[in-house]
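Enquirer: Can you keep this structure in mind? I'll have questions shortly.
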Amino acid sequence: MNTKLMVTKFGKMFPKKYAKMNHDYVGLMTGKLPNEIHKVLLCLDCDEILFPTIEKEKPDIVISHHPFIYGTKGYVLKHDPYRRALVEKLAKINVPVYSLHTNFDTGKGGMNDALANALGLKNITIPENIIMMRVGELEKPMDINEVAKLAVKSFNVDYSLLVNGGPKMIKKIGIIGGGGSRQWTMAQDLGCDLYISGDAPHYVRRDIMNRKFNYLDMPHEIEKIFIPTMKKILLELDPSLDIVCIDHEKLPLVIQ
């Protein structure tokens, strides 16, 4: 696959301006893009655990969801010796890393569309005031506890945390994958019966309960849906690509 074709496709589907709205740095993280790409390694996070696989598979590029360098490259490499060492290791084996983060979350066909579709939502819309969110409806109203179980199964994780301060029957749902818990007020204002996101601190959960709303806190790892979603996008560009998908992240143990 011609690399320019890939970058152009990403620019149209997942514009970097969406990331800039969130003070997010995306795109080429480290290394130099080759002219042609034949083998891609996909992952949620490119971290040290992956290096043996990268060295074995020898991909032309690693594409991750979460930025390999989170922030400006100069600042991070100056103040984070661990990250600097990883960059140096990648340079030695000549493998670039390219990341799509909040631009992928926001863009059409990206993270939040994939999550909404996985949950089986219908009539999906994008609110004007928060274009990262997706709002849709279940085919028929469901008990909130059954919706929570459905979400755990649909997103292929082991657990969720339910704040059930609102209606018990759920029809309309808002969703932002990852750490979008603070956007719950917008979901409530849009008439949602339930908002799904993750990484909610204690005070956010208390505010939701006091406002008599429902919130389902999912592990950040539901974003691993990035991997099959990106694989499909890449294969539509070039069916001959060799794509290695690595889902190496483990959820924390739940101790009861």
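Letters A, B, ... mark the chains of the structure tokens in the order given; residue numbers begin at 1 per chain; ligand numbers begin at 1, in order shown.
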Just list as a ChimeraX atom specification whatever in stretch 10-62 of chain A DSSP marks as strand (DSSP E).

Expert: /A:27-30,39-43,61-62

Enquirer: Taking the backbone alone, and naming residues the way the document does, which bits of stretch 18-151 of chain A are alpha helix (DSSP H) by DSSP, as a PyMOL selection string?

Expert: chain A and resi 18-20+51-57+73-79+81-93+102-106+111-118+144-151

Enquirer: Of the candidates A:Ala114, A:Val95, A:Leu100, A:Ile175, which one gets nearest to A:Arg134 if we count only C-alpha atoms?

Expert: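 The answer is A:Ile175, which sits nearest to A:Arg134.
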
Enquirer: Which neighbours of A:Tyr18 fall inside 9 Å, counting only C-alpha atoms, when residues of the same chain fewer than 6 positions from it are skipped, and could you give them as a short mmCIF file (atom, residue, chain, number, x, y, z; two decimals) with all heavy atoms, in the first residue's frame?

Expert:
```
data_model
loop_
_atom_site.label_atom_id
_atom_site.label_comp_id
_atom_site.auth_asym_id
_atom_site.auth_seq_id
_atom_site.Cartn_x
_atom_site.Cartn_y
_atom_site.Cartn_z
N ASP A 24 -4.66 17.28 21.75
CA ASP A 24 -4.13 15.94 21.58
C ASP A 24 -3.13 15.94 20.42
O ASP A 24 -3.36 16.60 19.40
CB ASP A 24 -5.31 15.00 21.27
CG ASP A 24 -4.97 13.54 21.37
OD1 ASP A 24 -3.94 13.22 21.98
OD2 ASP A 24 -5.74 12.73 20.85
N THR A 102 -7.99 10.91 19.69
CA THR A 102 -9.32 11.53 19.75
C THR A 102 -9.86 11.87 18.37
O THR A 102 -11.08 12.04 18.23
CB THR A 102 -9.29 12.79 20.63
OG1 THR A 102 -8.21 13.64 20.24
CG2 THR A 102 -9.10 12.42 22.10
N ASN A 103 -9.00 11.98 17.37
CA ASN A 103 -9.52 12.15 16.01
C ASN A 103 -10.21 10.87 15.54
O ASN A 103 -11.23 10.92 14.84
CB ASN A 103 -8.41 12.57 15.04
CG ASN A 103 -7.20 11.65 15.05
OD1 ASN A 103 -6.85 11.05 16.05
ND2 ASN A 103 -6.54 11.56 13.91
N PHE A 104 -9.70 9.71 15.95
CA PHE A 104 -10.35 8.44 15.64
C PHE A 104 -11.64 8.28 16.45
O PHE A 104 -12.64 7.76 15.95
CB PHE A 104 -9.40 7.28 15.92
CG PHE A 104 -9.97 5.92 15.59
CD1 PHE A 104 -9.97 5.46 14.29
CD2 PHE A 104 -10.52 5.12 16.58
CE1 PHE A 104 -10.50 4.20 13.98
CE2 PHE A 104 -11.04 3.87 16.29
CZ PHE A 104 -11.04 3.42 14.99
N ASP A 105 -11.62 8.73 17.71
CA ASP A 105 -12.82 8.66 18.55
C ASP A 105 -13.97 9.46 17.94
O ASP A 105 -15.13 9.07 18.03
CB ASP A 105 -12.52 9.23 19.94
CG ASP A 105 -11.53 8.38 20.72
OD1 ASP A 105 -11.38 7.19 20.40
OD2 ASP A 105 -10.90 8.92 21.65
N THR A 106 -13.63 10.60 17.34
CA THR A 106 -14.63 11.55 16.87
C THR A 106 -15.09 11.27 15.44
O THR A 106 -16.26 11.43 15.11
CB THR A 106 -14.07 12.99 16.96
OG1 THR A 106 -13.66 13.24 18.30
CG2 THR A 106 -15.11 14.02 16.55
N GLY A 107 -14.17 10.85 14.58
CA GLY A 107 -14.46 10.71 13.16
C GLY A 107 -15.50 9.65 12.84
O GLY A 107 -15.69 8.67 13.58
N MET A 132 -17.95 14.08 19.61
CA MET A 132 -17.35 12.78 19.92
C MET A 132 -18.40 11.78 20.38
O MET A 132 -18.25 10.58 20.21
CB MET A 132 -16.28 12.93 21.00
CG MET A 132 -15.45 11.66 21.22
SD MET A 132 -14.20 11.82 22.51
CE MET A 132 -13.05 12.94 21.73
#
```

Enquirer: What's around stretch 221-230 of chain A at 10 Å? Count only C-alpha atoms, leave out sequence neighbours fewer than 5 positions away in its own chain, and write the answer as an MDAnalysis selection string.

Expert: chainID A and resid 41:45 63:66 100:101 104:105 109:115 118 151:152 154:157 176:178 197:198 235:236 244:251

Enquirer: Please provide the set of residues having any atom within 12 Å of A:Leu150, restricted to only C-alpha atoms, with same-chain residues fewer than 2 positions apart removed, written as a ChimeraX atom specification.

Expert: /A:118-121,138,142-148,152-160,216,218

Enquirer: Go ahead and write the residues just picked, C-alpha atoms, as a PDB file, in the first residue's frame.

Expert:
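Contents of selection-v2.pdb, freshly written:
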```
ATOM      1  CA  ALA A 118     -21.436  -3.156  18.864  1.00  0.00           C
ATOM      2  CA  LEU A 119     -24.098  -2.365  21.464  1.00  0.00           C
ATOM      3  CA  GLY A 120     -26.755  -2.644  18.781  1.00  0.00           C
ATOM      4  CA  LEU A 121     -27.971   0.952  18.971  1.00  0.00           C
ATOM      5  CA  LEU A 138     -32.050   0.168  21.858  1.00  0.00           C
ATOM      6  CA  MET A 142     -34.576  -2.880  28.630  1.00  0.00           C
ATOM      7  CA  ASP A 143     -34.072  -3.072  32.370  1.00  0.00           C
ATOM      8  CA  ILE A 144     -30.950  -1.147  33.326  1.00  0.00           C
ATOM      9  CA  ASN A 145     -29.252  -4.195  34.834  1.00  0.00           C
ATOM     10  CA  GLU A 146     -29.802  -6.134  31.618  1.00  0.00           C
ATOM     11  CA  VAL A 147     -28.315  -3.247  29.633  1.00  0.00           C
ATOM     12  CA  ALA A 148     -25.225  -3.355  31.832  1.00  0.00           C
ATOM     13  CA  VAL A 152     -20.155  -6.182  29.207  1.00  0.00           C
ATOM     14  CA  LYS A 153     -20.847  -8.890  26.625  1.00  0.00           C
ATOM     15  CA  SER A 154     -20.906  -6.553  23.614  1.00  0.00           C
ATOM     16  CA  PHE A 155     -17.592  -4.894  24.498  1.00  0.00           C
ATOM     17  CA  ASN A 156     -15.931  -8.178  25.511  1.00  0.00           C
ATOM     18  CA  VAL A 157     -14.848  -7.174  29.012  1.00  0.00           C
ATOM     19  CA  ASP A 158     -15.326  -8.770  32.422  1.00  0.00           C
ATOM     20  CA  TYR A 159     -17.183  -6.100  34.358  1.00  0.00           C
ATOM     21  CA  SER A 160     -18.774  -2.659  34.466  1.00  0.00           C
ATOM     22  CA  LEU A 216     -22.350   2.861  33.210  1.00  0.00           C
ATOM     23  CA  MET A 218     -16.790   0.693  31.436  1.00  0.00           C
TER      24      MET A 218
END
```
